[in-house]
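Participant: TSV, C-alpha atoms and all ligand atoms, saved as query09.tsv, coming up:
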```tsv
chain	number	residue	atom	x	y	z
W	1	MET	CA	109.33	71.32	-60.27
W	2	ALA	CA	106.48	73.09	-58.46
W	3	ILE	CA	102.94	72.16	-59.54
W	4	PRO	CA	101.05	75.08	-61.18
W	5	PHE	CA	97.71	75.84	-59.52
W	6	GLN	CA	95.60	78.74	-58.29
W	7	VAL	CA	95.33	79.24	-54.53
W	8	ALA	CA	91.59	79.61	-55.07
W	9	GLU	CA	91.56	75.92	-56.04
W	10	VAL	CA	92.71	74.97	-52.55
W	11	SER	CA	90.02	74.15	-50.01
W	12	VAL	CA	90.49	73.57	-46.29
W	13	ARG	CA	88.26	71.13	-44.38
W	14	SER	CA	88.19	69.09	-41.19
W	15	ALA	CA	89.78	65.65	-41.43
W	16	ARG	CA	87.58	62.55	-41.31
W	17	ALA	CA	88.58	59.09	-40.16
W	18	TYR	CA	89.23	57.96	-43.75
W	19	ASP	CA	91.90	60.71	-44.14
W	20	LEU	CA	94.26	59.01	-41.71
W	21	PRO	CA	96.23	56.95	-44.30
W	22	GLY	CA	96.55	59.95	-46.63
W	23	LEU	CA	97.84	62.21	-43.89
W	24	ALA	CA	100.21	59.46	-42.74
W	25	LEU	CA	101.65	59.24	-46.27
W	26	LEU	CA	101.97	63.02	-46.46
W	27	ARG	CA	103.83	63.15	-43.14
W	28	GLU	CA	106.10	60.29	-44.13
W	29	SER	CA	106.92	62.06	-47.42
W	30	ILE	CA	108.62	64.83	-45.43
W	31	GLY	CA	110.22	62.50	-42.89
W	32	TRP	CA	107.88	63.23	-39.97
W	33	GLY	CA	106.56	59.74	-39.39
W	34	ALA	CA	102.96	58.92	-38.58
W	35	GLY	CA	103.30	57.63	-35.01
W	36	GLY	CA	100.67	59.19	-32.81
W	37	LEU	CA	98.37	59.99	-35.70
W	38	GLU	CA	95.75	57.51	-34.56
W	39	GLY	CA	95.72	59.22	-31.16
W	40	SER	CA	95.29	62.60	-32.87
W	41	PHE	CA	92.35	61.32	-34.91
W	42	ALA	CA	90.80	59.84	-31.78
W	43	ALA	CA	91.25	63.19	-29.98
W	44	ALA	CA	89.69	64.94	-32.98
W	45	ALA	CA	86.73	62.55	-32.96
W	46	ALA	CA	86.27	63.33	-29.26
W	47	GLY	CA	86.35	67.08	-29.96
W	48	ARG	CA	89.64	67.72	-28.11
W	49	GLN	CA	91.57	68.53	-31.27
W	50	LEU	CA	90.89	69.67	-34.76
W	51	ILE	CA	92.79	68.36	-37.77
W	52	LEU	CA	92.44	70.57	-40.83
W	53	LEU	CA	93.45	69.42	-44.29
W	54	ALA	CA	94.16	71.35	-47.48
W	55	GLU	CA	92.99	69.76	-50.71
W	56	CYS	CA	93.62	70.77	-54.29
W	57	ARG	CA	92.15	68.94	-57.26
W	58	GLY	CA	91.23	66.01	-55.05
W	59	ARG	CA	94.72	65.69	-53.62
W	60	LEU	CA	95.70	66.07	-50.01
W	61	VAL	CA	98.40	68.77	-50.06
W	62	GLY	CA	98.71	69.96	-46.47
W	63	GLY	CA	97.48	69.80	-42.91
W	64	VAL	CA	97.53	71.42	-39.50
W	65	THR	CA	96.36	70.46	-36.01
W	66	VAL	CA	94.68	72.66	-33.41
W	67	SER	CA	94.43	71.72	-29.75
W	68	PHE	CA	93.05	73.59	-26.77
W	69	GLN	CA	95.06	73.84	-23.59
W	70	GLY	CA	94.58	75.10	-20.08
W	71	ALA	CA	90.85	75.89	-20.09
W	72	ALA	CA	89.85	75.95	-16.43
W	73	ARG	CA	88.13	78.07	-13.81
W	74	GLY	CA	86.36	80.36	-16.26
W	75	SER	CA	89.42	80.81	-18.48
W	76	LEU	CA	89.01	79.86	-22.13
W	77	GLY	CA	92.65	78.77	-22.19
W	78	ARG	CA	94.86	78.82	-25.22
W	79	GLY	CA	94.71	77.46	-28.73
W	80	HIS	CA	97.84	75.61	-29.82
W	81	ILE	CA	98.69	75.10	-33.48
W	82	SER	CA	100.94	72.19	-34.45
W	83	ASP	CA	101.95	69.87	-37.28
W	84	LEU	CA	101.56	72.47	-40.01
W	85	LEU	CA	102.86	70.97	-43.22
W	86	VAL	CA	102.53	71.39	-46.98
W	87	ALA	CA	103.62	68.79	-49.55
W	88	PRO	CA	106.98	69.88	-51.02
W	89	LEU	CA	105.80	70.39	-54.62
W	90	TRP	CA	102.95	72.61	-53.43
W	91	ARG	CA	104.92	75.01	-51.25
W	92	ARG	CA	105.45	78.74	-51.53
W	93	ARG	CA	102.05	79.31	-53.09
W	94	GLY	CA	100.11	80.37	-50.02
W	95	ILE	CA	98.80	77.01	-48.76
W	96	GLY	CA	100.74	77.18	-45.47
W	97	GLY	CA	99.30	80.64	-44.88
W	98	ARG	CA	95.78	79.42	-45.72
W	99	LEU	CA	96.08	76.55	-43.23
W	100	LEU	CA	97.46	78.85	-40.54
W	101	GLN	CA	94.56	81.25	-41.09
W	102	ALA	CA	92.03	78.39	-40.95
W	103	ALA	CA	93.59	77.17	-37.68
W	104	GLU	CA	93.32	80.67	-36.19
W	105	GLU	CA	89.70	80.95	-37.31
W	106	ALA	CA	88.92	77.63	-35.60
W	107	ILE	CA	90.50	78.91	-32.38
W	108	ALA	CA	88.70	82.26	-32.57
W	109	ALA	CA	85.41	80.45	-33.23
W	110	ARG	CA	85.65	79.06	-29.68
W	111	GLY	CA	86.12	82.56	-28.31
W	112	VAL	CA	89.81	81.89	-27.58
W	113	THR	CA	92.18	84.72	-28.50
W	114	ASP	CA	95.47	83.43	-27.08
W	115	CYS	CA	97.27	81.33	-29.67
W	116	THR	CA	100.66	79.57	-29.50
W	117	LEU	CA	102.82	77.32	-31.65
W	118	ASP	CA	106.24	75.72	-31.43
W	119	VAL	CA	108.94	76.04	-34.06
W	120	ASP	CA	112.50	74.79	-34.45
W	121	ALA	CA	115.11	77.53	-34.16
W	122	HIS	CA	116.54	76.68	-37.61
W	123	ASN	CA	113.27	76.26	-39.51
W	124	GLU	CA	113.55	79.46	-41.50
W	125	PRO	CA	110.54	78.93	-43.83
W	126	ALA	CA	108.24	78.31	-40.87
W	127	LEU	CA	109.71	81.15	-38.79
W	128	ARG	CA	109.24	83.58	-41.67
W	129	LEU	CA	105.69	82.41	-42.21
W	130	TYR	CA	104.81	82.82	-38.54
W	131	LEU	CA	106.51	86.19	-38.11
W	132	ALA	CA	104.78	87.48	-41.25
W	133	ASN	CA	101.48	86.41	-39.70
W	134	GLY	CA	101.96	88.29	-36.46
W	135	TYR	CA	103.48	85.63	-34.18
W	136	ARG	CA	106.14	86.81	-31.79
W	137	ARG	CA	108.69	84.96	-29.71
W	138	TRP	CA	107.24	84.12	-26.32
W	139	LYS	CA	109.81	81.76	-24.79
W	140	PRO	CA	112.66	79.50	-25.79
W	141	ALA	CA	111.90	75.79	-25.96
W	142	GLN	CA	114.07	72.70	-25.93
W	143	PHE	CA	112.67	69.88	-28.07
W	144	PRO	CA	114.11	66.33	-28.03
W	145	TRP	CA	115.64	67.07	-31.45
W	146	GLY	CA	117.00	70.54	-30.77
W	147	PRO	CA	116.33	74.12	-29.66
W	148	GLY	CA	113.35	76.17	-30.72
W	149	TYR	CA	110.79	78.71	-29.65
W	150	THR	CA	107.22	78.90	-28.55
W	151	LEU	CA	105.62	81.76	-30.46
W	152	ARG	CA	102.46	83.52	-29.44
W	153	LYS	CA	99.82	85.70	-31.02
W	154	CYS	CA	96.74	87.49	-29.76
W	155	LEU	CA	93.87	86.82	-32.17
W	156	ASP	CA	91.86	89.79	-30.93
W	157	ALA	CA	92.23	92.24	-33.83
W	158	SER	CA	91.42	95.16	-31.56
W	159	ARG	CA	94.64	94.55	-29.64
W	160	PRO	CA	98.19	94.81	-31.02
W	161	PRO	CA	100.02	91.53	-31.76
W	162	TRP	CA	101.37	89.81	-28.69
W	163	SER	CA	104.13	92.00	-27.32
W	164	VAL	CA	107.07	90.16	-25.91
W	165	PRO	CA	107.95	91.34	-22.41
W	166	PRO	CA	111.55	92.50	-22.01
W	167	ALA	CA	113.94	89.69	-21.13
W	168	ARG	CA	114.25	89.34	-17.39
W	169	ARG	CA	117.14	87.70	-15.66
W	170	ALA	CA	115.80	84.74	-13.75
W	171	THR	CA	116.34	85.21	-10.01
W	172	PRO	CA	117.24	81.99	-8.19
W	173	TRP	CA	114.53	81.05	-5.73
W	174	TRP	CA	116.86	81.28	-2.75
W	175	ARG	CA	117.63	84.93	-3.54
W	176	GLN	CA	113.92	85.70	-3.43
W	177	LEU	CA	113.66	84.60	0.19
W	178	ARG	CA	113.43	87.39	2.74
W	179	TRP	CA	114.54	86.56	6.23
W	180	PRO	CA	113.44	88.34	9.39
W	181	GLY	CA	116.13	90.92	10.11
W	182	GLY	CA	116.52	92.06	6.53
W	183	THR	CA	119.27	90.03	4.89
W	184	ALA	CA	118.49	87.40	2.30
W	201	LIG	C1	106.50	75.93	-43.37
W	201	LIG	C2	105.56	75.49	-44.48
W	201	LIG	C3	104.29	74.90	-43.88
W	201	LIG	C4	105.18	76.72	-45.34
W	201	LIG	O1	104.19	76.32	-46.29
W	201	LIG	P1	104.00	77.14	-47.66
W	201	LIG	O2	102.75	76.69	-48.30
W	201	LIG	O3	105.23	77.07	-48.46
W	201	LIG	O4	103.83	78.61	-47.08
W	201	LIG	P2	103.27	79.90	-47.87
W	201	LIG	O5	103.38	79.70	-49.35
W	201	LIG	O6	101.92	80.21	-47.34
W	201	LIG	O7	104.34	80.99	-47.41
W	201	LIG	C5	103.96	82.21	-46.83
W	201	LIG	C6	105.20	83.00	-46.42
W	201	LIG	O8	106.03	82.22	-45.55
W	201	LIG	C7	107.41	82.51	-45.82
W	201	LIG	N1	108.08	81.33	-46.38
W	201	LIG	C8	107.50	80.14	-46.67
W	201	LIG	N2	108.42	79.29	-47.15
W	201	LIG	C9	109.60	79.96	-47.19
W	201	LIG	C10	110.92	79.61	-47.58
W	201	LIG	N3	111.22	78.38	-48.06
W	201	LIG	N4	111.89	80.53	-47.45
W	201	LIG	C11	111.62	81.77	-46.97
W	201	LIG	N5	110.37	82.17	-46.60
W	201	LIG	C12	109.39	81.27	-46.69
W	201	LIG	C13	107.40	83.63	-46.84
W	201	LIG	O9	107.32	84.85	-46.14
W	201	LIG	C14	106.12	83.35	-47.57
W	201	LIG	O10	105.58	84.46	-48.24
W	201	LIG	P3	106.08	84.76	-49.77
W	201	LIG	O11	106.00	83.48	-50.52
W	201	LIG	O12	105.10	85.80	-50.23
W	201	LIG	O13	107.49	85.26	-49.65
W	201	LIG	C15	106.24	74.47	-45.44
W	201	LIG	O14	107.50	74.97	-45.81
W	201	LIG	C16	106.43	73.09	-44.82
W	201	LIG	O15	105.55	72.23	-44.88
W	201	LIG	N6	107.60	72.85	-44.22
W	201	LIG	C17	107.90	71.52	-43.65
W	201	LIG	C18	107.09	71.27	-42.39
W	201	LIG	C19	107.37	72.33	-41.36
W	201	LIG	O16	108.52	72.68	-41.10
W	201	LIG	N7	106.29	72.84	-40.74
W	201	LIG	C20	106.38	73.84	-39.71
W	201	LIG	C21	106.39	73.18	-38.35
W	201	LIG	S1	106.56	74.42	-37.07
```
Hey, can you dump this file as structure tokens for me?
Facilitator:
Amino acid sequence: MAIPFQVAEVSVRSARAYDLPGLALLRESIGWGAGGLEGSFAAAAAGRQLILLAECRGRLVGGVTVSFQGAARGSLGRGHISDLLVAPLWRRRGIGGRLLQAAEEAIAARGVTDCTLDVDAHNEPALRLYLANGYRRWKPAQFPWGPGYTLRKCLDASRPPWSVPPARRATPWWRQLRWPGGTA
């Protein structure tokens, strides 16, 4: 049975070191495991990642991680959202959307407008959530556990949502070679 609550009662905040056991329990409750969580908290403490948590009535009910990739040579790079989860009894009440929005705000706060996330091909709740929030398929992905997609969104409200370029047939590298005399 879902727990009755108002979305306004949910607050989103940055994780602190003492949240690690709680987030580990939350992950384990949905079968995700907590391996690597210490590394994530260390990366967050060093400012390379951001772990956001949703709380309602003092309970930890969800979380999401933001990392920044590919910033170099004047480029701000890309914000990557991962590990979005909501405790099962608290789902379908807007918490996943709140966490996604908070993650995007954290990315935009750094001046980064290019945002990506990975999703399993068969994860319909997550796919619906992301599509409803303006994410579009960028490229297929193969995870160790199965196929999926990397989705992408432009956070700059003055531009339309990321438009997916038309599918192009990959040309083998040897066909791209041009030999003197004209024939490939
Ligand atoms: C995906 C997940 C985070 C969504 O959290 P949530 O709090 O239920 O999401 P919201 O209530 O904000 O849902 C917003 C919208 O997403 C879509 N959605 C969410 N769950 C859905 C479901 N089970 N079936 C269909 N659509 C769903 C709907 O469009 C929904 O809007 P609506 O309720 O007005 O129809 C949650 O289901 C979850 O933790 N799943 C397990 C972990 C996971 O798969 N994470 C994603 C990793 S990529």
Participant: Using all atoms listed in the file for the distances, tell me which of W:Leu117, W:Leu127, W:Ala102, W:Val86 is nearest to ligand LIG 201 (chain W).
Facilitator: W:Val86
Participant: Give me the residues of chain W that have any atom at most 6 Å from an atom of ligand LIG 201 (chain W); for each, the nearest atom pair and the distance in Å, rounded to one decimal. Use only C-alpha atoms and all ligand atoms, sort by chain and number, and format it as CSV.
Facilitator:
```
residue,atom,partner,partner_atom,distance
W:Asp83,CA,W:LIG201,C21,5.6
W:Leu84,CA,W:LIG201,N7,4.8
W:Leu85,CA,W:LIG201,O15,3.4
W:Val86,CA,W:LIG201,O15,3.8
W:Arg91,CA,W:LIG201,O3,3.5
W:Arg92,CA,W:LIG201,O5,3.2
W:Arg93,CA,W:LIG201,O5,4.0
W:Gly94,CA,W:LIG201,O6,3.2
W:Ile95,CA,W:LIG201,O2,4.0
W:Gly96,CA,W:LIG201,O2,3.5
W:Gly97,CA,W:LIG201,O6,3.6
W:Asp118,CA,W:LIG201,S1,5.8
W:Val119,CA,W:LIG201,S1,4.2
W:Pro125,CA,W:LIG201,C9,3.6
W:Ala126,CA,W:LIG201,C1,3.9
W:Arg128,CA,W:LIG201,C7,4.7
W:Leu129,CA,W:LIG201,O8,3.4
```
Participant: Counting all atoms listed in the file, figure out which residue out of W:Cys115, W:Glu28, W:Ala106, W:Ala157 gets nearest to Trp138 in chain W.
Facilitator: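 Distance minimum relative to Trp138 in chain W lands on W:Cys115.
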Participant: Go ahead and compute the interatomic distance for CA of Asn133 in chain W and CA of Ala54 in chain W, in Å to one decimal.
Facilitator: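 CA of Ala54 in chain W lies 18.5 Å from CA of Asn133 in chain W.
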Participant: Just give me the gap between CA of Ser14 in chain W and CA of Ile51 in chain W in Å, one decimal is fine.
Facilitator: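 Distance reported for this atom pair: 5.8 Å.
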Participant: Do you have the CA of Val61 in chain W-CA of Ala87 in chain W distance handy?
Facilitator: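 These two atoms are separated by 5.2 Å.
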Participant: Rank nothing, just name the residue among W:Lys139, W:Arg110, W:Arg16, W:His122 nearest to Ser40 in chain W, using all atoms listed in the file.
Facilitator: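 Nearest to Ser40 in chain W: W:Arg16.
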Participant: With distances taken over all atoms listed in the file, which of W:Arg98, W:Phe5, W:Gly63, W:Ile107 is nearest to Arg78 in chain W?
Facilitator: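 Ranking W:Arg98, W:Phe5, W:Gly63, W:Ile107 by distance to Arg78 in chain W, first place goes to W:Ile107.
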Participant: Between W:Leu100, W:Pro140, W:Gly31, W:Glu55, which is the closest to Glu9 in chain W once you count all atoms listed in the file?
Facilitator: W:Glu55
Participant: Do you know which residues are at most 8 Å from Ser67 in chain W counting all atoms listed in the file, after dropping those on the same chain fewer than 5 positions away, and could you put them as an mmCIF file with C-alpha atoms, keeping the file's coordinate frame?
Facilitator:
```
data_model
loop_
_atom_site.group_PDB
_atom_site.id
_atom_site.type_symbol
_atom_site.label_atom_id
_atom_site.label_comp_id
_atom_site.auth_asym_id
_atom_site.auth_seq_id
_atom_site.Cartn_x
_atom_site.Cartn_y
_atom_site.Cartn_z
ATOM 1 C CA ARG W 48 89.640 67.720 -28.110
ATOM 2 C CA GLN W 49 91.570 68.530 -31.270
ATOM 3 C CA LEU W 50 90.890 69.670 -34.760
ATOM 4 C CA GLY W 79 94.710 77.460 -28.730
ATOM 5 C CA HIS W 80 97.840 75.610 -29.820
ATOM 6 C CA ILE W 81 98.690 75.100 -33.480
#
```
Participant: Could you check which of W:Leu25, W:Leu60, W:Ala46, W:Leu37 is closest to Val10 in chain W, using only C-alpha atoms?
Facilitator: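 Among the listed residues, W:Leu60 lies closest to Val10 in chain W.
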Participant: Taking (88.6, 61.9, -45.2) in the file's coordinates, which residues come within 12 Å, counting only C-alpha atoms, written as a ChimeraX atom specification?
Facilitator: /W:12-23,41,51-55,58-60
Participant: Which residues are near Ala141 in chain W? Cut-off 12 Å, only C-alpha atoms, ignore same chain within fewer than 4 positions. Put them as a short mmCIF file (atom, residue, chain, number, x, y, z; two decimals) with C-alpha atoms, in the frame of the given file.
Facilitator:
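Done, and the output landed in out-v7.cif:
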```cif
data_model
loop_
_atom_site.label_atom_id
_atom_site.label_comp_id
_atom_site.auth_asym_id
_atom_site.auth_seq_id
_atom_site.Cartn_x
_atom_site.Cartn_y
_atom_site.Cartn_z
CA LEU W 117 102.82 77.32 -31.65
CA ASP W 118 106.24 75.72 -31.43
CA VAL W 119 108.94 76.04 -34.06
CA ASP W 120 112.50 74.79 -34.45
CA ALA W 121 115.11 77.53 -34.16
CA ARG W 137 108.69 84.96 -29.71
CA TRP W 145 115.64 67.07 -31.45
CA GLY W 146 117.00 70.54 -30.77
CA PRO W 147 116.33 74.12 -29.66
CA GLY W 148 113.35 76.17 -30.72
CA TYR W 149 110.79 78.71 -29.65
CA THR W 150 107.22 78.90 -28.55
CA LEU W 151 105.62 81.76 -30.46
#
```
